[in-house]
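A.B. asks: Below you'll find my_file05.cif; it's mmCIF, N, CA and C atoms and all ligand atoms.
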data_work
#
loop_
_atom_site.label_atom_id
_atom_site.label_comp_id
_atom_site.auth_asym_id
_atom_site.auth_seq_id
_atom_site.Cartn_x
_atom_site.Cartn_y
_atom_site.Cartn_z
N VAL H 280 51.55 134.62 100.54
CA VAL H 280 51.99 136.01 100.56
C VAL H 280 50.80 136.97 100.53
N LEU H 281 49.79 136.60 99.71
CA LEU H 281 48.59 137.45 99.65
C LEU H 281 47.92 137.53 101.02
N ASP H 282 47.88 136.39 101.73
CA ASP H 282 47.29 136.38 103.07
C ASP H 282 48.09 137.26 104.02
N LEU H 283 49.41 137.17 103.88
CA LEU H 283 50.30 137.98 104.73
C LEU H 283 50.02 139.47 104.49
N LEU H 284 49.90 139.84 103.22
CA LEU H 284 49.63 141.24 102.88
C LEU H 284 48.30 141.69 103.49
N ARG H 285 47.28 140.82 103.36
CA ARG H 285 45.97 141.17 103.91
C ARG H 285 46.03 141.29 105.42
N ALA H 286 46.75 140.35 106.05
CA ALA H 286 46.86 140.35 107.51
C ALA H 286 47.53 141.63 108.00
N ARG H 287 48.45 142.18 107.18
CA ARG H 287 49.13 143.42 107.57
C ARG H 287 48.34 144.65 107.15
N GLY H 288 47.14 144.41 106.63
CA GLY H 288 46.30 145.54 106.26
C GLY H 288 46.62 146.14 104.91
N SER H 289 47.42 145.43 104.09
CA SER H 289 47.72 145.94 102.75
C SER H 289 46.63 145.51 101.78
N ARG H 290 46.35 146.36 100.82
CA ARG H 290 45.38 145.99 99.81
C ARG H 290 46.07 145.13 98.75
N VAL H 291 45.37 144.07 98.31
CA VAL H 291 45.93 143.22 97.26
C VAL H 291 45.33 143.67 95.94
N THR H 292 46.03 144.57 95.28
CA THR H 292 45.54 145.13 94.02
C THR H 292 45.97 144.24 92.86
N THR H 293 45.36 144.48 91.70
CA THR H 293 45.71 143.72 90.50
C THR H 293 47.19 143.88 90.19
N SER H 294 47.67 145.11 90.32
CA SER H 294 49.07 145.36 89.99
C SER H 294 50.00 144.65 90.97
N ARG H 295 49.62 144.66 92.23
CA ARG H 295 50.46 143.99 93.23
C ARG H 295 50.48 142.48 92.99
N ARG H 296 49.30 141.95 92.59
CA ARG H 296 49.21 140.54 92.27
C ARG H 296 50.10 140.19 91.07
N ALA H 297 50.09 141.05 90.06
CA ALA H 297 50.91 140.83 88.86
C ALA H 297 52.39 140.84 89.22
N LEU H 298 52.76 141.75 90.10
CA LEU H 298 54.16 141.86 90.53
C LEU H 298 54.59 140.58 91.25
N LEU H 299 53.74 140.09 92.14
CA LEU H 299 54.06 138.86 92.88
C LEU H 299 54.15 137.66 91.94
N HIS H 300 53.24 137.63 90.94
CA HIS H 300 53.28 136.54 89.95
C HIS H 300 54.63 136.52 89.25
N ALA H 301 55.07 137.70 88.81
CA ALA H 301 56.35 137.80 88.09
C ALA H 301 57.49 137.31 88.97
N LEU H 302 57.48 137.71 90.24
CA LEU H 302 58.56 137.33 91.15
C LEU H 302 58.58 135.83 91.42
N PHE H 303 57.40 135.23 91.58
CA PHE H 303 57.35 133.81 91.92
C PHE H 303 57.49 132.92 90.70
N ASP H 304 56.99 133.37 89.53
CA ASP H 304 57.03 132.52 88.34
C ASP H 304 58.46 132.31 87.84
N THR H 305 59.24 133.38 87.79
CA THR H 305 60.64 133.25 87.36
C THR H 305 61.51 133.95 88.39
N PRO H 306 61.84 133.22 89.48
CA PRO H 306 62.64 133.85 90.52
C PRO H 306 64.08 134.04 90.07
N ARG H 307 64.47 135.28 89.86
CA ARG H 307 65.85 135.62 89.53
C ARG H 307 66.03 137.09 89.87
N ASP H 308 67.28 137.52 89.93
CA ASP H 308 67.56 138.92 90.23
C ASP H 308 67.19 139.78 89.04
N ARG H 309 66.40 140.80 89.26
CA ARG H 309 66.16 141.77 88.19
C ARG H 309 65.80 143.12 88.78
N THR H 310 65.98 144.15 87.95
CA THR H 310 65.75 145.51 88.42
C THR H 310 64.25 145.81 88.43
N ALA H 311 63.89 146.89 89.10
CA ALA H 311 62.50 147.34 89.12
C ALA H 311 62.03 147.65 87.70
N GLU H 312 62.94 148.19 86.87
CA GLU H 312 62.60 148.48 85.46
C GLU H 312 62.22 147.20 84.72
N ASP H 313 63.02 146.14 84.92
CA ASP H 313 62.74 144.86 84.28
C ASP H 313 61.37 144.35 84.72
N LEU H 314 61.11 144.44 86.03
CA LEU H 314 59.83 143.97 86.56
C LEU H 314 58.67 144.76 85.97
N ALA H 315 58.84 146.07 85.87
CA ALA H 315 57.79 146.91 85.32
C ALA H 315 57.48 146.50 83.88
N ALA H 316 58.54 146.20 83.10
CA ALA H 316 58.34 145.78 81.71
C ALA H 316 57.64 144.42 81.65
N GLU H 317 58.04 143.51 82.56
CA GLU H 317 57.47 142.16 82.55
C GLU H 317 55.98 142.16 82.84
N ILE H 318 55.54 143.03 83.75
CA ILE H 318 54.14 142.99 84.14
C ILE H 318 53.29 143.99 83.40
N HIS H 319 53.90 144.65 82.41
CA HIS H 319 53.16 145.72 81.72
C HIS H 319 51.84 145.22 81.11
N ASP H 320 51.86 144.03 80.51
CA ASP H 320 50.65 143.51 79.87
C ASP H 320 49.56 143.21 80.89
N ALA H 321 49.98 142.60 82.04
CA ALA H 321 49.01 142.22 83.06
C ALA H 321 48.50 143.43 83.84
N ALA H 322 49.36 144.43 84.00
CA ALA H 322 48.98 145.60 84.79
C ALA H 322 49.49 146.87 84.12
N PRO H 323 48.85 147.29 83.01
CA PRO H 323 49.34 148.42 82.22
C PRO H 323 49.37 149.74 83.00
N ASP H 324 48.58 149.81 84.08
CA ASP H 324 48.51 151.06 84.85
C ASP H 324 49.64 151.19 85.87
N MET H 325 50.46 150.13 85.96
CA MET H 325 51.49 150.15 86.99
C MET H 325 52.77 150.80 86.45
N ASN H 326 53.03 152.02 86.89
CA ASN H 326 54.25 152.69 86.42
C ASN H 326 55.42 152.37 87.34
N ILE H 327 56.57 152.87 86.98
CA ILE H 327 57.79 152.50 87.69
C ILE H 327 57.77 152.91 89.17
N SER H 328 57.16 154.05 89.46
CA SER H 328 57.15 154.47 90.87
C SER H 328 56.23 153.57 91.69
N THR H 329 55.17 153.07 91.06
CA THR H 329 54.29 152.12 91.76
C THR H 329 55.04 150.81 92.01
N VAL H 330 55.83 150.39 91.02
CA VAL H 330 56.62 149.17 91.19
C VAL H 330 57.58 149.35 92.37
N TYR H 331 58.26 150.48 92.44
CA TYR H 331 59.19 150.74 93.55
C TYR H 331 58.45 150.74 94.88
N ARG H 332 57.30 151.40 94.93
CA ARG H 332 56.55 151.47 96.17
C ARG H 332 56.14 150.06 96.64
N ASN H 333 55.68 149.26 95.67
CA ASN H 333 55.28 147.88 96.00
C ASN H 333 56.46 147.03 96.45
N LEU H 334 57.60 147.20 95.77
CA LEU H 334 58.79 146.44 96.16
C LEU H 334 59.23 146.82 97.57
N ASP H 335 59.16 148.13 97.88
CA ASP H 335 59.51 148.59 99.23
C ASP H 335 58.63 147.92 100.27
N GLU H 336 57.35 147.88 99.98
CA GLU H 336 56.43 147.30 100.96
C GLU H 336 56.69 145.80 101.11
N LEU H 337 56.89 145.10 99.99
CA LEU H 337 57.18 143.66 100.05
C LEU H 337 58.49 143.40 100.79
N GLU H 338 59.41 144.33 100.67
CA GLU H 338 60.68 144.20 101.37
C GLU H 338 60.47 144.37 102.88
N ARG H 339 59.65 145.34 103.26
CA ARG H 339 59.35 145.52 104.68
C ARG H 339 58.69 144.29 105.27
N LEU H 340 57.89 143.60 104.45
CA LEU H 340 57.19 142.40 104.92
C LEU H 340 58.10 141.17 104.90
N GLY H 341 59.32 141.33 104.38
CA GLY H 341 60.26 140.22 104.36
C GLY H 341 60.06 139.25 103.20
N VAL H 342 59.26 139.63 102.21
CA VAL H 342 59.00 138.76 101.07
C VAL H 342 60.09 138.91 100.01
N VAL H 343 60.54 140.16 99.84
CA VAL H 343 61.47 140.49 98.77
C VAL H 343 62.73 141.08 99.40
N THR H 344 63.85 140.92 98.73
CA THR H 344 65.07 141.57 99.18
C THR H 344 65.79 142.12 97.95
N HIS H 345 66.67 143.11 98.15
CA HIS H 345 67.39 143.64 97.00
C HIS H 345 68.89 143.54 97.21
N THR H 346 69.60 143.59 96.11
CA THR H 346 71.06 143.53 96.16
C THR H 346 71.63 144.52 95.16
N HIS H 347 72.89 144.93 95.36
CA HIS H 347 73.56 145.85 94.45
C HIS H 347 74.70 145.10 93.77
N LEU H 348 74.53 144.82 92.49
CA LEU H 348 75.54 144.04 91.77
C LEU H 348 76.68 144.91 91.28
N GLY H 349 76.45 146.21 91.15
CA GLY H 349 77.49 147.10 90.65
C GLY H 349 77.03 148.52 90.79
N HIS H 350 77.36 149.36 89.81
CA HIS H 350 76.99 150.76 89.89
C HIS H 350 75.57 151.02 89.41
N GLY H 351 74.97 150.03 88.78
CA GLY H 351 73.62 150.20 88.24
C GLY H 351 72.56 150.13 89.32
N PRO H 352 71.29 150.08 88.90
CA PRO H 352 70.20 150.02 89.86
C PRO H 352 70.18 148.69 90.62
N ALA H 353 69.58 148.69 91.81
CA ALA H 353 69.47 147.49 92.63
C ALA H 353 68.64 146.43 91.90
N THR H 354 68.89 145.16 92.20
CA THR H 354 68.06 144.09 91.66
C THR H 354 67.28 143.45 92.80
N TYR H 355 66.11 142.94 92.47
CA TYR H 355 65.20 142.39 93.47
C TYR H 355 64.98 140.91 93.24
N ASN H 356 64.78 140.18 94.33
CA ASN H 356 64.44 138.77 94.24
C ASN H 356 63.67 138.39 95.50
N LEU H 357 63.13 137.16 95.49
CA LEU H 357 62.43 136.70 96.68
C LEU H 357 63.43 136.56 97.82
N ALA H 358 63.02 136.93 99.02
CA ALA H 358 63.94 136.96 100.15
C ALA H 358 64.49 135.56 100.47
N ASN H 359 63.68 134.53 100.27
CA ASN H 359 64.17 133.18 100.61
C ASN H 359 65.21 132.68 99.61
N LEU H 360 65.39 133.40 98.51
CA LEU H 360 66.41 133.01 97.52
C LEU H 360 67.65 133.87 97.63
N ALA H 361 67.71 134.72 98.65
CA ALA H 361 68.85 135.64 98.79
C ALA H 361 70.15 134.87 98.93
N ARG H 362 71.17 135.30 98.17
CA ARG H 362 72.49 134.70 98.27
C ARG H 362 73.52 135.76 97.89
N GLY H 363 74.76 135.42 98.16
CA GLY H 363 75.82 136.36 97.82
C GLY H 363 76.09 136.37 96.33
N HIS H 364 76.68 137.45 95.85
CA HIS H 364 77.02 137.54 94.43
C HIS H 364 78.47 137.97 94.28
N LEU H 365 79.16 137.31 93.35
CA LEU H 365 80.52 137.70 93.00
C LEU H 365 80.44 138.26 91.58
N VAL H 366 80.87 139.50 91.41
CA VAL H 366 80.74 140.14 90.09
C VAL H 366 82.11 140.45 89.52
N CYS H 367 82.34 140.03 88.27
CA CYS H 367 83.63 140.26 87.63
C CYS H 367 83.71 141.70 87.11
N ASP H 368 84.76 142.42 87.52
CA ASP H 368 84.97 143.80 87.10
C ASP H 368 85.26 143.91 85.61
N SER H 369 85.80 142.84 85.02
CA SER H 369 86.19 142.91 83.61
C SER H 369 85.05 142.57 82.67
N CYS H 370 84.41 141.42 82.87
CA CYS H 370 83.40 140.98 81.90
C CYS H 370 81.98 141.09 82.44
N GLY H 371 81.83 141.40 83.72
CA GLY H 371 80.48 141.57 84.27
C GLY H 371 79.79 140.28 84.67
N ALA H 372 80.49 139.15 84.56
CA ALA H 372 79.89 137.87 84.94
C ALA H 372 79.44 137.91 86.40
N VAL H 373 78.28 137.32 86.68
CA VAL H 373 77.76 137.26 88.04
C VAL H 373 77.72 135.81 88.49
N ILE H 374 78.41 135.51 89.58
CA ILE H 374 78.39 134.16 90.14
C ILE H 374 77.57 134.22 91.42
N GLU H 375 76.58 133.33 91.53
CA GLU H 375 75.78 133.29 92.75
C GLU H 375 76.48 132.40 93.75
N ALA H 376 76.73 132.95 94.94
CA ALA H 376 77.46 132.20 95.96
C ALA H 376 76.51 131.82 97.09
N PRO H 377 76.41 130.52 97.40
CA PRO H 377 75.53 130.10 98.49
C PRO H 377 75.98 130.71 99.82
N GLY H 378 75.04 130.91 100.72
CA GLY H 378 75.29 131.59 101.98
C GLY H 378 76.45 131.03 102.79
N GLU H 379 76.64 129.71 102.76
CA GLU H 379 77.65 129.12 103.64
C GLU H 379 79.08 129.50 103.25
N ILE H 380 79.25 130.02 102.01
CA ILE H 380 80.55 130.52 101.57
C ILE H 380 81.07 131.55 102.57
N PHE H 381 80.14 132.32 103.16
CA PHE H 381 80.53 133.43 104.03
C PHE H 381 80.57 133.04 105.51
N ASP H 382 80.29 131.77 105.81
CA ASP H 382 80.18 131.35 107.21
C ASP H 382 81.44 131.64 108.02
N ARG H 383 82.61 131.31 107.46
CA ARG H 383 83.85 131.50 108.23
C ARG H 383 84.16 132.98 108.43
N LEU H 384 83.98 133.76 107.36
CA LEU H 384 84.19 135.20 107.45
C LEU H 384 83.22 135.79 108.49
N SER H 385 81.97 135.35 108.40
CA SER H 385 80.92 135.78 109.33
C SER H 385 81.32 135.54 110.78
N ALA H 386 81.76 134.31 111.05
CA ALA H 386 82.12 133.92 112.41
C ALA H 386 83.31 134.73 112.91
N GLU H 387 84.31 134.91 112.03
CA GLU H 387 85.52 135.64 112.38
C GLU H 387 85.22 137.11 112.72
N VAL H 388 84.40 137.73 111.87
CA VAL H 388 84.05 139.14 112.06
C VAL H 388 83.21 139.33 113.33
N GLU H 389 82.33 138.38 113.56
CA GLU H 389 81.49 138.42 114.76
C GLU H 389 82.36 138.32 116.02
N LEU H 390 83.31 137.40 115.96
CA LEU H 390 84.20 137.16 117.10
C LEU H 390 85.08 138.37 117.39
N ARG H 391 85.68 138.91 116.34
CA ARG H 391 86.67 139.98 116.55
C ARG H 391 86.05 141.36 116.72
N PHE H 392 84.91 141.60 116.05
CA PHE H 392 84.35 142.96 116.09
C PHE H 392 82.93 142.99 116.64
N GLY H 393 82.36 141.83 116.89
CA GLY H 393 80.96 141.79 117.34
C GLY H 393 80.02 142.31 116.26
N PHE H 394 80.51 142.19 115.02
CA PHE H 394 79.76 142.75 113.89
C PHE H 394 79.07 141.62 113.12
N ASP H 395 77.80 141.84 112.78
CA ASP H 395 77.02 140.84 112.07
C ASP H 395 76.95 141.23 110.59
N ILE H 396 77.72 140.56 109.73
CA ILE H 396 77.77 140.97 108.32
C ILE H 396 76.53 140.54 107.55
N ASP H 397 76.23 141.30 106.51
CA ASP H 397 75.13 140.97 105.60
C ASP H 397 75.74 140.82 104.21
N PRO H 398 76.30 139.65 103.91
CA PRO H 398 77.06 139.49 102.66
C PRO H 398 76.19 139.49 101.41
N ASN H 399 74.87 139.48 101.58
CA ASN H 399 74.00 139.43 100.40
C ASN H 399 73.62 140.80 99.86
N HIS H 400 73.82 141.84 100.65
CA HIS H 400 73.30 143.16 100.24
C HIS H 400 74.11 143.76 99.09
N PHE H 401 75.44 143.60 99.14
CA PHE H 401 76.28 144.10 98.05
C PHE H 401 77.06 142.95 97.44
N ALA H 402 77.31 143.03 96.15
CA ALA H 402 78.11 142.02 95.51
C ALA H 402 79.58 142.22 95.87
N ILE H 403 80.34 141.17 95.80
CA ILE H 403 81.78 141.26 96.00
C ILE H 403 82.44 141.35 94.63
N PRO H 404 83.16 142.47 94.37
CA PRO H 404 83.79 142.62 93.07
C PRO H 404 85.11 141.88 92.98
N GLY H 405 85.54 141.57 91.78
CA GLY H 405 86.81 140.89 91.58
C GLY H 405 86.98 140.49 90.14
N LYS H 406 87.77 139.45 89.90
CA LYS H 406 88.01 138.97 88.54
C LYS H 406 87.62 137.50 88.45
N CYS H 407 86.87 137.15 87.43
CA CYS H 407 86.45 135.76 87.27
C CYS H 407 87.60 134.92 86.71
N ARG H 408 87.41 133.60 86.74
CA ARG H 408 88.45 132.69 86.31
C ARG H 408 88.90 133.00 84.88
N GLY H 409 87.94 133.20 84.00
CA GLY H 409 88.25 133.45 82.59
C GLY H 409 89.09 134.71 82.40
N CYS H 410 88.75 135.77 83.12
CA CYS H 410 89.44 137.04 82.96
C CYS H 410 90.81 137.06 83.64
N ARG H 411 91.06 136.10 84.52
CA ARG H 411 92.36 136.07 85.21
C ARG H 411 93.43 135.38 84.38
N GLN H 412 93.00 134.71 83.31
CA GLN H 412 93.97 133.94 82.53
C GLN H 412 94.69 134.80 81.51
ZN ZN M 1 70.52 148.49 99.28
ZN ZN M 2 85.33 138.09 83.88
#
Turn the structure described in the file into structure tokens.
C.D. replies:
Amino acid sequence: VLDLLRARGSRVTTSRRALLHALFDTPRDRTAEDLAAEIHDAAPDMNISTVYRNLDELERLGVVTHTHLGHGPATYNLANLARGHLVCDSCGAVIEAPGEIFDRLSAEVELRFGFDIDPNHFAIPGKCRGCRQ
């Protein structure tokens, strides 16, 4: 990733390196705020707007992607780990759904509307098994 950044003419700063470390060391969905807190020790000069700017750039490079789990802020993860999310309206449980779950819906929508869905960008709301009982 560092090579990719350099090849695209981006500077590899200490803060950017710290951000990438955090993303690769524990790959999971988290907000920019969470990331800023995680890397605070390694890069104390990196404020929240710098984190957002860096995430935007990494997203343009295809390294990072974001998703919206609900009404709160977007969460970020490595792009190669992108998957769908099912979020329970009652208890807030988040279920990670592998991409192939959406294959049939994808094919159907493509066929009927010529539309290419992106099921990973927003979570699908509903009720989890526990809350339905
Ligand atoms: Zn978005
Ligand atoms: Zn629930």
A.B. asks: Around (76.5, 137.1, 99.7) in the file's own coordinates, what residues are found within 7 Å if you use all atoms listed in the file, given back as a ChimeraX atom specification?
C.D. replies: /H:361-365,376-378,381,397-403
A.B. asks: Go ahead and save the picked residues with N, CA and C atoms, as a PDB file, in the frame of the given file.
C.D. replies:
ATOM      1  N   ALA H 361      67.710 134.720  98.650  1.00  0.00           N
ATOM      2  CA  ALA H 361      68.850 135.640  98.790  1.00  0.00           C
ATOM      3  C   ALA H 361      70.150 134.870  98.930  1.00  0.00           C
ATOM      4  N   ARG H 362      71.170 135.300  98.170  1.00  0.00           N
ATOM      5  CA  ARG H 362      72.490 134.700  98.270  1.00  0.00           C
ATOM      6  C   ARG H 362      73.520 135.760  97.890  1.00  0.00           C
ATOM      7  N   GLY H 363      74.760 135.420  98.160  1.00  0.00           N
ATOM      8  CA  GLY H 363      75.820 136.360  97.820  1.00  0.00           C
ATOM      9  C   GLY H 363      76.090 136.370  96.330  1.00  0.00           C
ATOM     10  N   HIS H 364      76.680 137.450  95.850  1.00  0.00           N
ATOM     11  CA  HIS H 364      77.020 137.540  94.430  1.00  0.00           C
ATOM     12  C   HIS H 364      78.470 137.970  94.280  1.00  0.00           C
ATOM     13  N   LEU H 365      79.160 137.310  93.350  1.00  0.00           N
ATOM     14  CA  LEU H 365      80.520 137.700  93.000  1.00  0.00           C
ATOM     15  C   LEU H 365      80.440 138.260  91.580  1.00  0.00           C
ATOM     16  N   ALA H 376      76.730 132.950  94.940  1.00  0.00           N
ATOM     17  CA  ALA H 376      77.460 132.200  95.960  1.00  0.00           C
ATOM     18  C   ALA H 376      76.510 131.820  97.090  1.00  0.00           C
ATOM     19  N   PRO H 377      76.410 130.520  97.400  1.00  0.00           N
ATOM     20  CA  PRO H 377      75.530 130.100  98.490  1.00  0.00           C
ATOM     21  C   PRO H 377      75.980 130.710  99.820  1.00  0.00           C
ATOM     22  N   GLY H 378      75.040 130.910 100.720  1.00  0.00           N
ATOM     23  CA  GLY H 378      75.290 131.590 101.980  1.00  0.00           C
ATOM     24  C   GLY H 378      76.450 131.030 102.790  1.00  0.00           C
ATOM     25  N   PHE H 381      80.140 132.320 103.160  1.00  0.00           N
ATOM     26  CA  PHE H 381      80.530 133.430 104.030  1.00  0.00           C
ATOM     27  C   PHE H 381      80.570 133.040 105.510  1.00  0.00           C
ATOM     28  N   ASP H 397      76.230 141.300 106.510  1.00  0.00           N
ATOM     29  CA  ASP H 397      75.130 140.970 105.600  1.00  0.00           C
ATOM     30  C   ASP H 397      75.740 140.820 104.210  1.00  0.00           C
ATOM     31  N   PRO H 398      76.300 139.650 103.910  1.00  0.00           N
ATOM     32  CA  PRO H 398      77.060 139.490 102.660  1.00  0.00           C
ATOM     33  C   PRO H 398      76.190 139.490 101.410  1.00  0.00           C
ATOM     34  N   ASN H 399      74.870 139.480 101.580  1.00  0.00           N
ATOM     35  CA  ASN H 399      74.000 139.430 100.400  1.00  0.00           C
ATOM     36  C   ASN H 399      73.620 140.800  99.860  1.00  0.00           C
ATOM     37  N   HIS H 400      73.820 141.840 100.650  1.00  0.00           N
ATOM     38  CA  HIS H 400      73.300 143.160 100.240  1.00  0.00           C
ATOM     39  C   HIS H 400      74.110 143.760  99.090  1.00  0.00           C
ATOM     40  N   PHE H 401      75.440 143.600  99.140  1.00  0.00           N
ATOM     41  CA  PHE H 401      76.280 144.100  98.050  1.00  0.00           C
ATOM     42  C   PHE H 401      77.060 142.950  97.440  1.00  0.00           C
ATOM     43  N   ALA H 402      77.310 143.030  96.150  1.00  0.00           N
ATOM     44  CA  ALA H 402      78.110 142.020  95.510  1.00  0.00           C
ATOM     45  C   ALA H 402      79.580 142.220  95.870  1.00  0.00           C
ATOM     46  N   ILE H 403      80.340 141.170  95.800  1.00  0.00           N
ATOM     47  CA  ILE H 403      81.780 141.260  96.000  1.00  0.00           C
ATOM     48  C   ILE H 403      82.440 141.350  94.630  1.00  0.00           C
TER      49      ILE H 403
END
A.B. asks: Could you pull out the residues sitting within 6.5 Å of ligand ZN 2 (chain M), using all atoms listed in the file, and write them as a list in words?
C.D. replies: Cys367, Asp368, Ser369, Cys370, Gly371, Ala372, Lys406, Cys407, Arg408, Gly409, Cys410 and Arg411 of chain H
A.B. asks: How would you report the residues lying within 6.5 Å of ligand ZN 1 (chain M), as a list in words, if you count all atoms listed in the file?
C.D. replies: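 Checking all atoms listed in the file against ligand ZN 1 (chain M) at 6.5 Å gives His345, Thr346, His347 and His400 of chain H.
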A.B. asks: Show me, as AutoDock Vina command-line options, the centre and edge lengths in Å to one decimal of the axis-aligned box that covers every listed atom of stretch 399-407 of chain H with 8 Å on each side.
C.D. replies:
--center_x 80.7 --center_y 139.5 --center_z 94.1 --size_x 30.7 --size_y 25.2 --size_z 30.9
A.B. asks: Which distance in Å separates atom N of H:Arg383 and atom N of H:Thr344, to one decimal?
C.D. replies: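 Value for the atom N of H:Arg383-atom N of H:Thr344 distance: 22.8 Å.
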A.B. asks: Mind pulling up the distance from atom CA of H:Tyr355 to atom CA of H:Thr329?
C.D. replies: 14.7 Å
A.B. asks: Which is closest to H:Ala311 among H:Gly341, H:Pro352, H:Val291, H:Ala297, if we use all atoms listed in the file?
C.D. replies: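 For H:Ala311, the nearest of the given residues is H:Pro352.
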A.B. asks: As a ChimeraX atom specification, please: every residue in stretch 295-346 of chain H that a backbone DSSP assignment puts in helix (DSSP H, G or I).
C.D. replies: /H:295-304,311-317,327-339
A.B. asks: Report, in Å to a single decimal, how far apart atom N of H:Thr310 and atom N of H:Glu379 are.
C.D. replies: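 Computing the Euclidean distance for atom N of H:Glu379 and atom N of H:Thr310 yields 23.3 Å.
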A.B. asks: Contacts of stretch 302-305 of chain H at 8 Å or less, counting all atoms listed in the file, minus same-chain residues fewer than 2 places along, as a PDB file with N, CA and C atoms, keeping the file's coordinate frame?
C.D. replies:
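Result saved to out_17.pdb:
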ATOM      1  N   ARG H 296      49.300 141.950  92.590  1.00  0.00           N
ATOM      2  CA  ARG H 296      49.210 140.540  92.270  1.00  0.00           C
ATOM      3  C   ARG H 296      50.100 140.190  91.070  1.00  0.00           C
ATOM      4  N   ALA H 297      50.090 141.050  90.060  1.00  0.00           N
ATOM      5  CA  ALA H 297      50.910 140.830  88.860  1.00  0.00           C
ATOM      6  C   ALA H 297      52.390 140.840  89.220  1.00  0.00           C
ATOM      7  N   LEU H 298      52.760 141.750  90.100  1.00  0.00           N
ATOM      8  CA  LEU H 298      54.160 141.860  90.530  1.00  0.00           C
ATOM      9  C   LEU H 298      54.590 140.580  91.250  1.00  0.00           C
ATOM     10  N   LEU H 299      53.740 140.090  92.140  1.00  0.00           N
ATOM     11  CA  LEU H 299      54.060 138.860  92.880  1.00  0.00           C
ATOM     12  C   LEU H 299      54.150 137.660  91.940  1.00  0.00           C
ATOM     13  N   HIS H 300      53.240 137.630  90.940  1.00  0.00           N
ATOM     14  CA  HIS H 300      53.280 136.540  89.950  1.00  0.00           C
ATOM     15  C   HIS H 300      54.630 136.520  89.250  1.00  0.00           C
ATOM     16  N   ARG H 307      64.470 135.280  89.860  1.00  0.00           N
ATOM     17  CA  ARG H 307      65.850 135.620  89.530  1.00  0.00           C
ATOM     18  C   ARG H 307      66.030 137.090  89.870  1.00  0.00           C
ATOM     19  N   ASP H 308      67.280 137.520  89.930  1.00  0.00           N
ATOM     20  CA  ASP H 308      67.560 138.920  90.230  1.00  0.00           C
ATOM     21  C   ASP H 308      67.190 139.780  89.040  1.00  0.00           C
ATOM     22  N   LEU H 314      61.110 144.440  86.030  1.00  0.00           N
ATOM     23  CA  LEU H 314      59.830 143.970  86.560  1.00  0.00           C
ATOM     24  C   LEU H 314      58.670 144.760  85.970  1.00  0.00           C
ATOM     25  N   TYR H 355      66.110 142.940  92.470  1.00  0.00           N
ATOM     26  CA  TYR H 355      65.200 142.390  93.470  1.00  0.00           C
ATOM     27  C   TYR H 355      64.980 140.910  93.240  1.00  0.00           C
ATOM     28  N   ASN H 356      64.780 140.180  94.330  1.00  0.00           N
ATOM     29  CA  ASN H 356      64.440 138.770  94.240  1.00  0.00           C
ATOM     30  C   ASN H 356      63.670 138.390  95.500  1.00  0.00           C
ATOM     31  N   LEU H 357      63.130 137.160  95.490  1.00  0.00           N
ATOM     32  CA  LEU H 357      62.430 136.700  96.680  1.00  0.00           C
ATOM     33  C   LEU H 357      63.430 136.560  97.820  1.00  0.00           C
TER      34      LEU H 357
END
A.B. asks: With only N, CA and C atoms as the basis for distance, which of H:Leu281, H:Pro404, H:Ile318, H:Arg391 is at the shortest distance from H:Leu348?
C.D. replies: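 Of all the options, H:Pro404 lies closest to H:Leu348.
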A.B. asks: Using only N, CA and C atoms, find the one residue out of H:Val373, H:Val330, H:Leu283, H:Ala358 that sits nearest to H:Ala315.
C.D. replies: H:Val330
A.B. asks: From a DSSP pass on the backbone, collect the residues of chain H flagged as strand (DSSP E) and hand them back as a ChimeraX atom specification.
C.D. replies: /H:309-310,343-346,354-357,363-367,373-376,403-405
A.B. asks: Considering only C-alpha atoms, state which residue in the set H:Leu337, H:Ala301, H:Val366, H:Val343 is at the smallest distance from H:Ala321.
C.D. replies: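 Under the stated criterion, the closest residue is H:Ala301.
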